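Source file: target_23.txt; contents: compact mmCIF, C-alpha atoms.
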# COMPACT_ATOMS: atom_id res chain seq x y z
CA MET A 173 71.96 129.12 101.85
CA LYS A 174 73.41 131.82 99.64
CA ARG A 175 76.92 130.41 100.04
CA ILE A 176 75.73 126.87 99.32
CA PHE A 177 74.01 128.13 96.16
CA ILE A 178 77.25 129.83 95.02
CA LEU A 179 79.18 126.63 95.64
CA PHE A 180 76.63 124.62 93.68
CA TYR A 181 76.66 127.19 90.86
CA PHE A 182 80.42 127.08 90.38
CA THR A 183 80.41 123.29 90.63
CA GLN A 184 77.94 123.01 87.79
CA ILE A 185 79.83 125.47 85.60
CA PHE A 186 83.17 123.80 85.89
CA CYS A 187 81.83 120.24 85.83
CA ALA A 188 80.32 121.09 82.47
CA LYS A 189 83.69 122.29 81.19
CA CYS A 190 85.65 119.25 82.34
CA GLU A 191 86.61 117.04 79.42
CA THR A 192 85.57 113.42 79.67
CA THR A 193 88.13 111.95 77.29
CA ASN A 194 89.40 108.67 78.73
CA PHE A 195 93.13 108.88 79.44
CA TYR A 196 93.43 105.97 81.84
CA SER A 197 95.43 102.80 81.54
CA GLU A 198 94.31 99.98 79.30
CA ASP A 199 93.65 97.59 82.17
CA SER A 200 91.35 99.95 84.13
CA ALA A 201 88.27 98.00 83.06
CA ASP A 202 89.80 94.80 84.44
CA VAL A 203 90.73 96.52 87.73
CA ALA A 204 87.21 97.96 88.09
CA ASP A 205 85.91 94.42 88.66
CA ASN A 206 88.02 94.19 91.84
CA ALA A 207 85.45 96.16 93.84
CA ASN A 208 83.44 92.98 94.36
CA LEU A 209 86.36 90.77 95.38
CA ASN A 210 87.78 90.04 98.82
CA ILE A 211 91.53 89.79 99.35
CA ASN A 212 91.67 86.03 98.75
CA GLN A 213 89.76 86.37 95.49
CA LEU A 214 91.97 89.28 94.43
CA ALA A 215 95.13 87.29 95.01
CA GLY A 216 93.72 84.31 93.09
CA LYS A 217 92.66 86.49 90.17
CA TYR A 218 96.26 87.55 89.55
CA GLY A 219 97.92 84.18 90.19
CA TYR A 220 98.80 84.70 93.85
CA GLN A 221 97.63 83.13 97.07
CA CYS A 222 96.69 84.89 100.31
CA GLU A 223 97.16 83.40 103.77
CA SER A 224 95.55 84.86 106.89
CA HIS A 225 97.71 84.88 110.03
CA TRP A 226 96.36 85.77 113.47
CA VAL A 227 98.57 87.56 115.99
CA THR A 228 97.76 88.43 119.60
CA THR A 229 99.37 91.49 121.19
CA GLU A 230 100.61 91.88 124.76
CA ASP A 231 97.46 93.81 125.65
CA GLY A 232 95.05 91.25 124.16
CA TYR A 233 94.20 92.61 120.71
CA VAL A 234 93.92 89.96 118.00
CA LEU A 235 95.20 91.16 114.63
CA VAL A 236 95.11 89.71 111.14
CA MET A 237 98.01 89.79 108.71
CA HIS A 238 97.68 88.78 105.07
CA ARG A 239 100.63 86.98 103.54
CA ILE A 240 100.79 87.20 99.75
CA ARG A 241 102.68 84.51 97.87
CA ASN A 242 103.09 83.44 94.30
CA ALA A 243 100.70 80.49 93.86
CA SER A 244 103.02 78.75 91.40
CA SER A 245 105.82 78.58 93.97
CA ILE A 246 103.77 77.37 96.92
CA ASN A 247 104.71 73.88 98.08
CA PRO A 248 105.48 72.11 101.37
CA HIS A 249 109.17 72.91 100.90
CA PHE A 250 108.73 76.64 100.30
CA ASP A 251 112.05 78.27 101.26
CA THR A 252 111.10 81.34 103.24
CA GLU A 253 114.69 82.05 104.29
CA SER A 254 115.66 82.72 100.67
CA LYS A 255 112.96 85.37 100.30
CA PRO A 256 113.42 88.57 102.32
CA ALA A 257 110.36 89.32 104.43
CA VAL A 258 108.66 92.68 104.16
CA LEU A 259 105.88 94.04 106.37
CA ILE A 260 103.65 96.71 104.81
CA MET A 261 101.41 98.90 106.98
CA HIS A 262 98.48 101.03 105.83
CA GLY A 263 97.47 104.58 106.72
CA VAL A 264 94.83 105.81 109.15
CA THR A 265 91.38 104.20 108.56
CA GLY A 266 93.04 101.95 105.96
CA SER A 267 93.65 98.22 105.64
CA SER A 268 95.74 95.62 103.84
CA MET A 269 93.47 96.05 100.81
CA GLU A 270 95.27 99.30 99.94
CA TRP A 271 98.25 97.35 98.68
CA VAL A 272 96.47 94.89 96.38
CA ASN A 273 93.08 96.16 95.22
CA LEU A 274 94.44 97.89 92.10
CA GLY A 275 96.27 94.75 90.95
CA PRO A 276 99.89 94.15 89.89
CA GLY A 277 101.69 97.15 88.47
CA ARG A 278 100.03 99.45 90.99
CA GLY A 279 99.54 97.29 94.05
CA LEU A 280 102.82 97.33 96.00
CA GLY A 281 101.99 94.01 97.64
CA PHE A 282 101.92 92.17 94.31
CA ASP A 283 104.92 94.08 92.94
CA LEU A 284 107.09 93.06 95.90
CA VAL A 285 106.09 89.41 95.57
CA LYS A 286 107.05 89.53 91.91
CA ALA A 287 110.39 91.07 92.92
CA GLY A 288 111.10 88.06 95.14
CA TYR A 289 109.89 89.14 98.59
CA ASP A 290 107.88 87.32 101.22
CA VAL A 291 105.11 89.91 101.62
CA TRP A 292 103.09 90.46 104.80
CA LEU A 293 100.27 93.02 104.85
CA GLY A 294 99.41 94.24 108.34
CA ASN A 295 96.11 95.47 109.77
CA ASN A 296 95.92 97.76 112.80
CA ARG A 297 93.65 97.14 115.76
CA GLY A 298 90.10 98.33 115.16
CA ASN A 299 90.03 98.10 111.38
CA MET A 300 87.71 95.83 109.39
CA PHE A 301 90.07 92.84 109.61
CA SER A 302 91.31 93.26 113.20
CA ARG A 303 88.20 93.91 115.31
CA TYR A 304 89.03 91.23 117.87
CA HIS A 305 90.23 90.99 121.45
CA VAL A 306 90.74 88.16 123.91
CA ARG A 307 88.11 89.59 126.25
CA LEU A 308 86.73 92.93 124.95
CA ASN A 309 83.86 93.25 122.46
CA PRO A 310 84.41 96.21 120.10
CA ASP A 311 80.66 96.54 119.51
CA GLU A 312 79.77 96.71 123.19
CA GLU A 313 82.77 97.76 125.30
CA ASP A 314 84.26 101.25 125.02
CA ASP A 315 87.56 100.12 126.54
CA TYR A 316 88.35 98.34 123.28
CA TRP A 317 88.68 101.72 121.53
CA ASP A 318 90.98 103.26 124.13
CA PHE A 319 94.00 103.37 121.83
CA SER A 320 95.88 105.78 119.61
CA PHE A 321 98.59 105.36 116.99
CA GLU A 322 101.10 104.95 119.84
CA ASP A 323 99.45 101.69 120.90
CA CYS A 324 99.55 100.48 117.31
CA GLY A 325 103.28 101.11 117.44
CA TYR A 326 104.05 99.96 120.97
CA TYR A 327 101.99 96.75 120.85
CA ASP A 328 100.85 95.91 117.31
CA LEU A 329 104.07 96.29 115.35
CA PRO A 330 106.30 94.31 117.74
CA ALA A 331 103.75 91.46 117.75
CA LYS A 332 103.72 91.41 113.96
CA ILE A 333 107.48 91.70 113.59
CA ASP A 334 108.22 88.91 116.08
CA TYR A 335 105.62 86.65 114.49
CA ILE A 336 107.03 87.14 110.98
CA LEU A 337 110.63 86.61 112.06
CA ASN A 338 109.62 83.49 113.96
CA ILE A 339 107.76 82.03 110.96
CA THR A 340 110.45 82.87 108.41
CA GLY A 341 113.50 82.18 110.57
CA GLN A 342 115.01 85.51 109.54
CA GLN A 343 116.74 87.98 111.83
CA LYS A 344 115.48 91.17 110.17
CA LEU A 345 112.69 92.30 107.88
CA PHE A 346 111.99 95.21 105.57
CA TYR A 347 109.26 97.60 106.61
CA VAL A 348 107.08 99.83 104.43
CA GLY A 349 104.64 102.21 106.09
CA LEU A 350 102.22 104.79 104.74
CA SER A 351 101.10 107.80 106.80
CA GLN A 352 100.02 106.28 110.15
CA GLY A 353 102.13 103.28 109.20
CA THR A 354 105.12 105.62 109.56
CA THR A 355 103.87 107.39 112.70
CA GLN A 356 103.42 104.16 114.63
CA PHE A 357 106.82 102.93 113.45
CA PHE A 358 108.51 106.06 114.81
CA ALA A 359 106.61 105.58 118.09
CA MET A 360 107.72 101.94 118.31
CA ALA A 361 111.33 102.61 117.38
CA SER A 362 111.62 105.39 119.97
CA LEU A 363 109.75 103.72 122.85
CA ARG A 364 111.07 100.21 122.17
CA PRO A 365 114.48 100.90 120.58
CA GLU A 366 115.47 97.23 120.68
CA TYR A 367 113.24 96.72 117.62
CA ASN A 368 115.52 98.91 115.50
CA ASP A 369 117.86 95.92 115.25
CA LYS A 370 115.07 93.87 113.67
CA ILE A 371 114.58 96.28 110.75
CA ALA A 372 116.72 95.91 107.62
CA LEU A 373 115.34 99.06 106.01
CA MET A 374 112.26 101.19 106.63
CA SER A 375 110.54 102.88 103.67
CA ALA A 376 108.42 105.77 104.96
CA LEU A 377 105.72 106.83 102.49
CA GLY A 378 104.23 110.24 103.23
CA PRO A 379 105.90 110.19 106.67
CA VAL A 380 103.84 111.77 109.43
CA ALA A 381 105.46 112.87 112.67
CA PHE A 382 105.68 116.66 112.84
CA MET A 383 102.54 118.27 111.43
CA ASN A 384 103.16 121.99 111.82
CA HIS A 385 102.61 122.61 108.11
CA THR A 386 99.73 120.23 107.45
CA SER A 387 97.58 122.38 105.17
CA SER A 388 94.47 120.32 104.41
CA PRO A 389 91.55 122.78 104.90
CA LEU A 390 89.25 120.15 106.42
CA ILE A 391 91.88 118.95 108.87
CA ARG A 392 92.80 122.49 109.86
CA LEU A 393 89.14 123.24 110.50
CA ALA A 394 88.80 120.13 112.68
CA VAL A 395 91.88 121.11 114.70
CA LYS A 396 90.43 124.56 115.39
CA ILE A 397 87.49 122.95 117.15
CA LEU A 398 89.43 119.97 118.55
CA GLU A 399 88.61 120.55 122.21
CA PRO A 400 84.82 120.94 121.84
CA LEU A 401 84.86 118.12 119.28
CA GLU A 402 86.54 115.82 121.79
CA LYS A 403 83.99 116.74 124.46
CA LEU A 404 81.15 116.09 122.03
CA MET A 405 82.53 112.65 121.18
CA LYS A 406 82.68 111.76 124.87
CA ARG A 407 79.16 113.04 125.47
CA LEU A 408 77.86 110.95 122.57
CA ASP A 409 79.88 107.96 123.82
CA TRP A 410 81.39 107.73 120.35
CA HIS A 411 84.75 105.94 120.28
CA GLU A 412 84.97 104.39 116.82
CA VAL A 413 85.19 106.48 113.67
CA LEU A 414 84.89 105.72 109.95
CA GLY A 415 84.30 102.03 110.50
CA TYR A 416 83.64 99.77 107.55
CA ASN A 417 79.97 99.40 106.64
CA SER A 418 78.86 97.15 103.77
CA LEU A 419 75.85 99.35 102.91
CA VAL A 420 77.96 102.52 102.83
CA SER A 421 80.48 100.62 100.71
CA LYS A 422 77.83 99.70 98.14
CA ILE A 423 76.54 103.27 97.98
CA SER A 424 80.09 104.59 97.60
CA GLN A 425 80.73 102.20 94.74
CA LEU A 426 77.65 103.48 92.94
CA VAL A 427 78.43 107.15 93.52
CA CYS A 428 82.14 106.74 92.71
CA SER A 429 81.57 104.65 89.58
CA ASN A 430 83.17 106.04 86.44
CA LYS A 431 79.69 106.05 84.90
CA SER A 432 78.14 108.00 87.77
CA ALA A 433 77.05 111.61 87.27
CA LEU A 434 77.97 112.15 90.93
CA ILE A 435 81.57 110.96 90.73
CA GLU A 436 82.92 114.43 91.56
CA LEU A 437 81.44 113.97 95.04
CA CYS A 438 84.13 111.32 95.51
CA VAL A 439 86.87 113.38 93.90
CA LEU A 440 86.45 116.70 95.74
CA PRO A 441 86.84 115.48 99.36
CA ARG A 442 89.87 113.50 98.25
CA PHE A 443 91.54 116.54 96.72
CA ILE A 444 90.67 118.85 99.60
CA LEU A 445 91.98 116.37 102.16
CA PHE A 446 95.11 115.12 100.44
CA GLY A 447 96.06 117.47 97.58
CA PHE A 448 95.01 118.06 93.97
CA ASP A 449 96.35 115.65 91.37
CA SER A 450 93.93 115.02 88.53
CA GLN A 451 96.62 113.66 86.24
CA GLN A 452 97.38 110.71 88.54
CA LEU A 453 93.76 110.19 89.61
CA ASP A 454 92.16 107.22 87.85
CA ARG A 455 88.44 107.91 88.07
CA SER A 456 87.70 104.49 86.57
CA THR A 457 89.07 102.75 89.69
CA LEU A 458 87.65 105.04 92.40
CA ALA A 459 84.88 102.55 93.11
CA VAL A 460 87.51 99.89 93.79
CA GLU A 461 89.33 102.09 96.28
CA THR A 462 86.13 102.92 98.16
CA SER A 463 84.92 99.31 98.23
CA HIS A 464 86.98 98.53 101.34
CA SER A 465 87.61 102.02 102.66
CA PRO A 466 87.37 103.54 105.16
CA ALA A 467 88.14 100.51 107.30
CA GLY A 468 87.87 102.16 110.72
CA THR A 469 89.96 103.41 113.63
CA SER A 470 89.50 104.97 117.06
CA VAL A 471 88.47 108.53 117.83
CA LYS A 472 91.45 108.70 120.19
CA SER A 473 93.85 108.13 117.27
CA LEU A 474 92.45 111.08 115.34
CA ILE A 475 92.52 113.28 118.45
CA HIS A 476 96.16 112.32 118.98
CA TYR A 477 96.95 113.52 115.45
CA GLY A 478 95.06 116.74 116.15
CA GLN A 479 97.25 117.28 119.20
CA GLN A 480 100.38 116.96 117.05
CA ILE A 481 99.12 119.75 114.80
CA SER A 482 98.07 121.98 117.71
CA SER A 483 101.28 121.54 119.70
CA GLY A 484 103.78 121.62 116.86
CA TYR A 485 105.58 118.67 118.43
CA PHE A 486 105.76 114.92 117.86
CA ARG A 487 104.79 113.74 121.31
CA ARG A 488 102.74 111.25 123.28
CA TYR A 489 99.00 111.56 123.95
CA ASP A 490 97.96 114.58 126.02
CA TYR A 491 95.52 113.52 128.74
CA GLY A 492 95.53 116.89 130.51
CA THR A 493 97.79 118.00 133.35
CA GLU A 494 96.44 115.74 136.08
CA LEU A 495 96.37 112.53 134.04
CA ASN A 496 99.67 113.37 132.35
CA ARG A 497 101.28 113.31 135.79
CA LYS A 498 99.78 109.88 136.33
CA HIS A 499 100.89 108.51 132.95
CA TYR A 500 104.21 110.29 132.46
CA ASN A 501 105.10 111.99 135.78
CA THR A 502 105.14 115.31 133.91
CA ASP A 503 102.58 118.07 133.34
CA THR A 504 102.92 117.79 129.56
CA PRO A 505 103.35 114.65 127.47
CA PRO A 506 106.98 113.87 126.56
CA ASP A 507 108.25 114.06 123.00
CA TYR A 508 109.11 110.87 121.14
CA ASN A 509 112.90 110.55 121.22
CA LEU A 510 113.76 110.28 117.54
CA SER A 511 117.49 110.29 118.25
CA VAL A 512 117.37 106.65 119.40
CA ILE A 513 115.87 105.42 116.09
CA SER A 514 118.88 103.68 114.55
CA ALA A 515 117.08 101.72 111.81
CA PRO A 516 117.97 102.92 108.28
CA ILE A 517 115.08 104.89 106.82
CA VAL A 518 114.15 106.26 103.41
CA LEU A 519 111.68 109.15 103.49
CA TYR A 520 109.50 109.24 100.36
CA TYR A 521 107.45 112.43 100.12
CA GLY A 522 105.53 114.59 97.65
CA GLN A 523 105.60 118.33 97.02
CA ASN A 524 101.79 118.50 96.88
CA ASP A 525 101.03 116.48 100.01
CA LEU A 526 98.61 118.42 102.23
CA ILE A 527 99.20 116.03 105.16
CA ALA A 528 102.96 115.36 105.16
CA SER A 529 104.41 118.67 104.01
CA VAL A 530 107.92 119.09 102.63
CA GLN A 531 108.88 121.32 105.57
CA ASP A 532 107.74 118.78 108.15
CA VAL A 533 109.48 115.89 106.38
CA GLU A 534 112.71 117.90 106.24
CA ARG A 535 112.45 118.59 109.97
CA LEU A 536 111.87 114.89 110.58
CA SER A 537 114.89 114.03 108.43
CA ASP A 538 117.07 116.39 110.46
CA GLU A 539 116.09 114.66 113.70
CA LEU A 540 116.45 111.07 112.50
CA PRO A 541 120.06 109.85 112.80
CA ASN A 542 119.96 107.35 109.93
CA ALA A 543 117.57 108.64 107.26
CA VAL A 544 117.80 109.81 103.66
CA LYS A 545 115.27 111.86 101.74
CA SER A 546 113.75 110.61 98.50
CA PRO A 547 111.29 113.15 97.04
CA ILE A 548 108.89 111.86 94.41
CA ASN A 549 109.92 113.16 91.00
CA TYR A 550 106.48 114.55 90.17
CA LYS A 551 105.37 117.93 91.50
CA ARG A 552 101.65 117.16 92.05
CA TRP A 553 102.17 113.99 94.10
CA ASN A 554 99.72 113.98 97.02
CA HIS A 555 99.18 111.94 100.17
CA ILE A 556 96.96 109.28 98.62
CA ASP A 557 99.02 108.85 95.44
CA PHE A 558 101.36 106.55 97.37
CA TYR A 559 99.03 103.64 96.67
CA SER A 560 96.52 104.91 94.11
CA ALA A 561 98.40 106.95 91.48
CA LYS A 562 98.24 105.70 87.91
CA ASP A 563 102.04 105.81 87.69
CA VAL A 564 102.73 104.59 91.21
CA TYR A 565 104.95 101.78 89.92
CA LYS A 566 107.24 104.05 87.89
CA LEU A 567 107.33 106.89 90.40
CA LEU A 568 107.45 104.93 93.68
CA ASN A 569 107.23 101.13 93.72
CA VAL A 570 110.26 100.57 91.52
CA ASN A 571 112.32 102.85 93.78
CA ILE A 572 111.27 100.98 96.94
CA ILE A 573 112.31 97.70 95.31
CA LYS A 574 115.57 99.24 94.09
CA SER A 575 116.48 100.67 97.52
CA GLN A 576 115.75 97.37 99.25
CA GLN A 577 117.83 95.47 96.71
CA GLU A 578 120.74 97.90 97.15
CA PHE A 579 120.53 97.33 100.88
CA ILE A 580 120.63 93.56 100.34
CA ASP A 581 123.56 93.84 97.94
CA ASN A 582 125.62 96.38 99.88
CA GLY A 583 124.37 96.32 103.43
CA THR A 584 124.00 100.09 103.27
CA LEU A 585 121.66 102.48 101.53
CA ILE A 586 123.34 104.43 98.74
CA THR A 587 120.38 105.91 96.86
CA THR A 588 119.20 109.32 98.04
CA THR A 589 116.92 110.34 95.17
CA THR A 590 114.26 108.59 93.18
CA THR A 591 114.61 107.41 89.61
CA THR A 592 113.63 110.07 87.09
CA SER A 593 110.42 109.03 85.38
CA LYS A 594 107.81 111.13 83.65
CA PRO A 595 104.15 110.36 84.41
CA SER A 596 102.07 108.97 81.60
CA ASN A 597 99.34 110.97 79.90
CA ASN A 598 97.47 108.54 77.72
CA GLY A 599 95.12 110.86 75.88
CA ALA A 600 93.70 114.26 76.67
CA TYR A 601 94.40 116.08 79.90
CA SER A 602 92.28 119.13 80.54
CA VAL A 603 93.54 122.11 82.50
CA ASN A 604 89.98 122.42 83.81
CA ARG A 605 90.56 119.29 85.90
CA GLU A 606 92.95 121.37 88.02
CA ILE A 607 91.10 124.72 87.82
CA PHE A 608 87.90 123.11 89.04
CA PRO A 609 89.14 121.73 92.38
CA THR A 610 91.25 124.83 92.99
CA LEU A 611 88.21 127.11 92.77
CA ILE A 612 86.18 124.73 94.89
CA THR A 613 88.84 124.85 97.59
CA LEU A 614 88.83 128.65 97.57
CA LEU A 615 85.08 128.54 98.04
CA MET A 616 85.42 126.03 100.86
CA TRP A 617 87.84 128.35 102.61
CA LEU A 618 85.35 131.23 102.27
CA ILE A 619 82.57 129.11 103.72
CA ASN A 620 84.54 127.62 106.62
CA PHE A 621 86.86 130.40 107.73
Would you write out, as structure tokens, the structure that this file holds?
Amino acid sequence: MKRIFILFYFTQIFCAKCETTNFYSEDSADVADNANLNINQLAGKYGYQCESHWVTTEDGYVLVMHRIRNASSINPHFDTESKPAVLIMHGVTGSSMEWVNLGPGRGLGFDLVKAGYDVWLGNNRGNMFSRYHVRLNPDEEDDYWDFSFEDCGYYDLPAKIDYILNITGQQKLFYVGLSQGTTQFFAMASLRPEYNDKIALMSALGPVAFMNHTSSPLIRLAVKILEPLEKLMKRLDWHEVLGYNSLVSKISQLVCSNKSALIELCVLPRFILFGFDSQQLDRSTLAVETSHSPAGTSVKSLIHYGQQISSGYFRRYDYGTELNRKHYNTDTPPDYNLSVISAPIVLYYGQNDLIASVQDVERLSDELPNAVKSPINYKRWNHIDFYSAKDVYKLLNVNIIKSQQEFIDNGTLITTTTTTSKPSNNGAYSVNREIFPTLITLLMWLINF
């Protein structure tokens, strides 16, 4: 109780000192209305149209992809072959909404359509849009949740890629993945190397493979108790985690509203999990981001990530010695063979990312045979800035579009660094916005360790 009181005391002191001057973009008020819109309504609001496409995997999961197109160009003779296809995949517990809910200029999905691409937004098995199976009921049958990020790579991505190429008549597509969207790609490209030939260029945002230097305090704490936590989950028969709930969504929107006195309750977990970046955090759109997030995943996926951190390797799921022999014919799970990944890859990463650290990305780059590094030219860039930062277009989206266009024009990737662009600071920026979360983190470390 004494420690909780100290935490509360410091929170109140530094909350009182935080300046409230509005330094957000002019269209934040318009974006704030997006919290109450579904993906079809969002697309229509900005002059686009969304199509829902259903894909069935080899192991029976039924997935939804959202295809975003410019409404003014839609007609029966729409020439898909003239528009390069791009598949965008979300992070863990995310969904296709990540790429559109903040509107054009920040939503990569809309920005790529405007740049002339045929955009497909994927959804992994188990999230709010893809809770379907040909025979299993996710609400009643535990077997539905028996998957990790490897299954999303081995089964989900190939099904999506083949479907898109079949619909568009193209031979290759561009791929953009965030966090788990990169992990499952690396799993697919190593276990099913034939799919490397179907990728024109892969843009890896906050790439997660090796996790030796993941420094998020909450994640590190969870990894310390991973084994008893896994046993507890099994005892409770709990297989789904962070699933979408409409009531929780409504409460989150109220708490995370820019007018809420409790908004820092939304900010602090975000900073502690992903990295501090008050300058790129738009508090006026937090309610929009939480309106469709988290979207759900399996407990097994999170445990698999915990194993990566504990082992220091990028390897397949560890079932224990006996079951490993059954699955892999070895006592320990084999590493993913990154040397067979021949698809060209750009690794976009931030210096302040508590999940995908610079050291781990550099190790990944060394092991990938056809990758270039592209650090974000902004020192406080964190793991969630890849889709939510105020200046995400200038610091990231424009570089993704540029790299893809260079690949189209030249057939090879020639850019190895991002375009220099200074983040905006429209109005006052208080140093207290950084001091506050820093002190809170120090207190969290004292409480937890």
- Item | CA of Asp328 in chain A to CA of Lys344 in chain A, distance in Å rounded to a single decimal | 17.0 Å
- Task: Grab the CA of Leu274 in chain A to CA of Lys562 in chain A distance for me, in Å with one decimal place.
- Result: 9.6 Å
- Query: So how far away is CA of Gly263 in chain A from CA of Val460 in chain A, in Å?
  - Reply: 17.0 Å
- Message: Excluding Phe446 in chain A and its own-chain neighbours fewer than 4 positions away, which residues fall within 7 Å of it when counting all atoms listed in the file? Please give them as a VMD selection string.
- Response: chain A and resid 388 442 525 to 527 554 to 556
- Within 6 Å of range 473-487 of chain A using only C-alpha atoms, minus same-chain residues under 6 positions, as a PyMOL selection string: chain A and resi 320-321+381-384+395+506-508
Using the file's own x, y and z axes, so that the box edges lie along x, y and z, what centre and edge lengths in Å (one decimal) does a box around every listed atom of range 288-292 of chain A get when 6 Å is added on each side? Give it as lines of an AutoDock Vina configuration file.
center_x = 107.1
center_y = 88.9
center_z = 100.0
size_x = 20.0
size_y = 15.1
size_z = 21.7
- Query: Nearest to Tyr327 in chain A among A:Gly468, A:Pro505, A:Gly232, A:Gly353, with distances taken over all atoms listed in the file: which residue is it?
  - Reply: A:Gly232
Each range 252-318 of chain A residue no farther than 12 Å from range 574-578 of chain A, nearest pair in Å, only C-alpha atoms, as JSON lines:
{"residue": "A:Lys255", "atom": "CA", "partner": "A:Gln577", "partner_atom": "CA", "distance": 11.8}
{"residue": "A:Pro256", "atom": "CA", "partner": "A:Gln576", "partner_atom": "CA", "distance": 9.6}
{"residue": "A:Ala257", "atom": "CA", "partner": "A:Gln576", "partner_atom": "CA", "distance": 11.0}
{"residue": "A:Val258", "atom": "CA", "partner": "A:Gln576", "partner_atom": "CA", "distance": 9.8}
{"residue": "A:Asp283", "atom": "CA", "partner": "A:Lys574", "partner_atom": "CA", "distance": 11.9}
{"residue": "A:Leu284", "atom": "CA", "partner": "A:Gln576", "partner_atom": "CA", "distance": 10.2}
{"residue": "A:Ala287", "atom": "CA", "partner": "A:Gln577", "partner_atom": "CA", "distance": 9.4}
{"residue": "A:Gly288", "atom": "CA", "partner": "A:Gln577", "partner_atom": "CA", "distance": 10.1}
{"residue": "A:Tyr289", "atom": "CA", "partner": "A:Gln576", "partner_atom": "CA", "distance": 10.1}
- Task: Might you pull out every residue within 7 Å of range 490-493 of chain A, with all atoms listed in the file counted and same-chain residues fewer than 4 positions away left off, and present them as a VMD selection string?
- Result: chain A and resid 497 503 to 505
Could you turn the residues from that selection into a file that holds C-alpha atoms, as a compact mmCIF listing (two decimals), in the frame of the given file?
# COMPACT_ATOMS: atom_id res chain seq x y z
CA ARG A 497 101.28 113.31 135.79
CA ASP A 503 102.58 118.07 133.34
CA THR A 504 102.92 117.79 129.56
CA PRO A 505 103.35 114.65 127.47
- Message: Counting all atoms listed in the file, which residues have an atom no more than 12 Å from (82.7, 106.4, 122.0) in the file's coordinates? Please list them as a count of residues only.
- Response: 26
- Neighbours of point (101.3, 103.1, 112.8) within 8 Å, using all atoms listed in the file, written as a list in words: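 The answer, in the requested form, is Met261, His262, Gly263, Val264, Asn296, Phe321, Glu322, Cys324, Gly325, Leu329, Gly349, Ser351, Gln352, Gly353, Thr354, Thr355, Gln356, Phe357 and Ala359 of chain A.
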- Message: Which residue is closest to Val512 in chain A? Choose from A:Asn430, A:Thr462, A:Ser362, A:Ser529 and count all atoms listed in the file.
- Response: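 Ranked by minimum distance to Val512 in chain A, first place goes to A:Ser362.
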- Using all atoms listed in the file, which residues sit within 9 Å of Ala331 in chain A once same-chain residues fewer than 5 positions away are excluded, as a list in words?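 Returned residues: Val227, Thr228, Thr229, Glu230 and Ile336 of chain A.
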- Query: Taking all atoms listed in the file into account, which of A:Leu350, A:Ala561, A:Ile333, A:Ile572 comes nearest Gly266 in chain A?
  - Reply: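 The shortest atom-to-atom distance to Gly266 in chain A comes from A:Leu350.
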- For Arg552 in chain A, list every protein, DNA or RNA residue within 12 Å, evaluated using all atoms listed in the file, and leave out those in the same chain fewer than 6 positions away; present the list as an NGL selection string. :A and (443 or 446-453 or 521-526 or 558 or 561 or 567 or 595 or 606)
